[in-house]
Amino acid sequence: MDASRYFDAMHNAMSTQHAGAQLLLTVRLQDICGNDAYLEVKQLPGEQSALVCYSTMGRRCLNFQLFRKGWQLCHNADGQLTGRFPSSADSLLSQTDFRAYCREDRLDAARTQRLIEELGQRAGTNYVGSIPQNARTGAQITVESHLGCGARWSYWNQDTSPCLPLAAILYWLADFLAGNERRALQSDPQAAALAAQWLTKDTAVFFCPSPALTVSAATGHSAPAARRTRPVPVPAARSKSWQSVLAAMAAV
């Protein structure tokens with residue numbers, strides 16, 4: 001399966017799961033070894049948070065599964081050849097449920113708002129970096145924003161990111177991936193530092209709430225000090241994204 005067909009199949013599978021959702025961002029990660037990954041960020045009407053849909057099987061592993069399915073079609077349970085191996089992958093693709101390789105998670109409201117603001121400021125951007133002809137390592141990253149007039153970035157992950165805020169957003173989203181795909185999107189220490197800085201600012205109100213004063217409705221004065229209440233701090237969310245962000249904060 002070629003990369004273009006892989007990404008189209010994953011997009012079609014994710015599109016059928018959330019009708020009416022607004023597509024905010026798509027990320028394509030094309031590894032030279034076929035460890036491709038696809039990711040979408042979308043928002044449902046009336047919600048502040050966003051859905052992160054991502055593939056759980058890269059193109060190389062998916063090609064192996066298609067080959068395995070073709071082998072089963074022309075062999076019996078004893079391994080004896082009973083037919084011909086399919087000459088085209090179209091029939092194998094039509095029988096494959098790509099939704100089985102898609103997962104989803106939630107991006108909290110603070111990070112969703114940050115993502116929308118940053119992409120909105122960069123609407124109309126079109127960047128195409130040089131892709132090495134004989135690269136032995138690395139991956140091509142293609143990011144498309146669907147906000148406003150849209151934007152598109154395509155570059156090699158081992159080069160300097162064309163947009164640091166975009167790299168910080170990808171650092172957040174990479175927490176939903178694993179292995180080489182995650183490392184490819186989280187290799188920039190500057191992006192890690194910016195992502196941690198954003199997270200500290202955007203969630204400061206949750207971790208350091210100002211002391212609330214109980215106001216007496218009868219006198220209009222503040223209550224005595226003994227009656228002043230201090231709200232209990234909200235504990236940090238326990239999600240995968242916090243693991244890398246807190247580690248980045250500790251390294252800065």
# chains A, B, ... in the order shown; residues from 1 in each chain; ligands from 1
call {"tool": "residues_around", "arguments": {"residues": "A:Thr56", "least_positions_apart": "3", "cutoff": "12 Å", "atoms": "only C-alpha atoms", "output": "list of chain:residue names"}}
result
A:Met10, A:Asn35, A:Asp36, A:Ala37, A:Tyr38, A:Leu39, A:Cys53, A:Arg59, A:Arg60, A:Cys61, A:Leu62, A:Phe98, A:Arg99, A:Ala100, A:Tyr101, A:Cys102, A:Arg103, A:Glu104, A:Phe176, A:Leu177, A:Ala178, A:Gly179, A:Glu181, A:Arg182
call {"tool": "residues_around", "arguments": {"residues": "stretch 25-27 of chain A", "least_positions_apart": "3", "cutoff": "6 Å", "atoms": "only C-alpha atoms", "output": "PDB file with N, CA and C atoms, in the first residue's frame"}}
result
ATOM      1  N   TYR A  38      -0.963   8.636  11.115  1.00  0.00           N
ATOM      2  CA  TYR A  38      -1.919   9.671  10.713  1.00  0.00           C
ATOM      3  C   TYR A  38      -2.715  10.098  11.937  1.00  0.00           C
ATOM      4  N   LEU A  39      -2.965  11.399  12.037  1.00  0.00           N
ATOM      5  CA  LEU A  39      -3.616  11.943  13.231  1.00  0.00           C
ATOM      6  C   LEU A  39      -4.530  13.094  12.826  1.00  0.00           C
ATOM      7  N   GLU A  40      -5.698  13.165  13.429  1.00  0.00           N
ATOM      8  CA  GLU A  40      -6.647  14.247  13.179  1.00  0.00           C
ATOM      9  C   GLU A  40      -7.110  14.846  14.502  1.00  0.00           C
ATOM     10  N   VAL A  41      -7.285  16.164  14.508  1.00  0.00           N
ATOM     11  CA  VAL A  41      -7.860  16.864  15.654  1.00  0.00           C
ATOM     12  C   VAL A  41      -9.157  17.501  15.185  1.00  0.00           C
ATOM     13  N   THR A 142       3.867  16.330   7.482  1.00  0.00           N
ATOM     14  CA  THR A 142       2.967  17.211   6.739  1.00  0.00           C
ATOM     15  C   THR A 142       1.796  17.562   7.646  1.00  0.00           C
ATOM     16  N   VAL A 143       1.660  18.844   7.939  1.00  0.00           N
ATOM     17  CA  VAL A 143       0.611  19.325   8.840  1.00  0.00           C
ATOM     18  C   VAL A 143      -0.300  20.252   8.052  1.00  0.00           C
ATOM     19  N   GLU A 144      -1.594  20.042   8.168  1.00  0.00           N
ATOM     20  CA  GLU A 144      -2.566  20.895   7.495  1.00  0.00           C
ATOM     21  C   GLU A 144      -3.554  21.441   8.515  1.00  0.00           C
ATOM     22  N   SER A 145      -3.699  22.761   8.517  1.00  0.00           N
ATOM     23  CA  SER A 145      -4.697  23.426   9.350  1.00  0.00           C
ATOM     24  C   SER A 145      -5.939  23.669   8.505  1.00  0.00           C
ATOM     25  N   HIS A 146      -7.097  23.439   9.105  1.00  0.00           N
ATOM     26  CA  HIS A 146      -8.367  23.619   8.409  1.00  0.00           C
ATOM     27  C   HIS A 146      -9.161  24.769   9.006  1.00  0.00           C
TER      28      HIS A 146
END
call {"tool": "atom_distance", "arguments": {"atom1": "atom CA of A:Gly129", "atom2": "atom CA of A:Arg28"}}
result
14.8 Å
call {"tool": "select_by_dssp", "arguments": {"residues": "stretch 112-196 of chain A", "states": "helix (DSSP H, G or I)", "output": "PyMOL selection string"}}
result
chain A and resi 112-121+164-176+179-185+189-196
call {"tool": "write_last_selection", "arguments": {"atoms": "C-alpha atoms", "output": "short mmCIF file (atom, residue, chain, number, x, y, z; two decimals), in the first residue's frame"}}
result
data_model
loop_
_atom_site.label_atom_id
_atom_site.label_comp_id
_atom_site.auth_asym_id
_atom_site.auth_seq_id
_atom_site.Cartn_x
_atom_site.Cartn_y
_atom_site.Cartn_z
CA THR A 112 -7.60 23.09 22.42
CA GLN A 113 -8.01 26.84 22.81
CA ARG A 114 -4.26 27.34 22.45
CA LEU A 115 -4.22 25.19 19.32
CA ILE A 116 -7.07 27.18 17.75
CA GLU A 117 -5.44 30.53 18.57
CA GLU A 118 -2.04 29.57 17.18
CA LEU A 119 -3.43 28.09 13.98
CA GLY A 120 -5.73 31.08 13.51
CA GLN A 121 -2.77 33.45 13.62
CA LEU A 164 8.07 26.69 16.67
CA PRO A 165 4.46 27.08 17.92
CA LEU A 166 3.43 24.37 15.47
CA ALA A 167 6.20 22.10 16.75
CA ALA A 168 4.97 22.68 20.32
CA ILE A 169 1.45 21.66 19.30
CA LEU A 170 2.83 18.51 17.67
CA TYR A 171 4.72 17.80 20.89
CA TRP A 172 1.37 17.65 22.70
CA LEU A 173 -0.28 15.50 20.04
CA ALA A 174 2.64 13.06 19.92
CA ASP A 175 1.68 11.86 23.40
CA PHE A 176 -1.13 9.90 21.76
CA GLY A 179 7.46 4.36 19.29
CA ASN A 180 9.25 5.98 16.36
CA GLU A 181 6.26 8.17 15.53
CA ARG A 182 6.23 9.74 18.96
CA ARG A 183 9.99 10.27 19.03
CA ALA A 184 9.91 11.90 15.60
CA LEU A 185 7.43 14.56 16.78
CA PRO A 189 13.84 20.46 22.87
CA GLN A 190 12.71 24.03 22.10
CA ALA A 191 9.25 22.75 21.20
CA ALA A 192 9.15 20.79 24.45
CA ALA A 193 10.05 23.90 26.44
CA LEU A 194 7.41 26.03 24.71
CA ALA A 195 4.73 23.36 25.19
CA ALA A 196 5.55 23.22 28.91
#
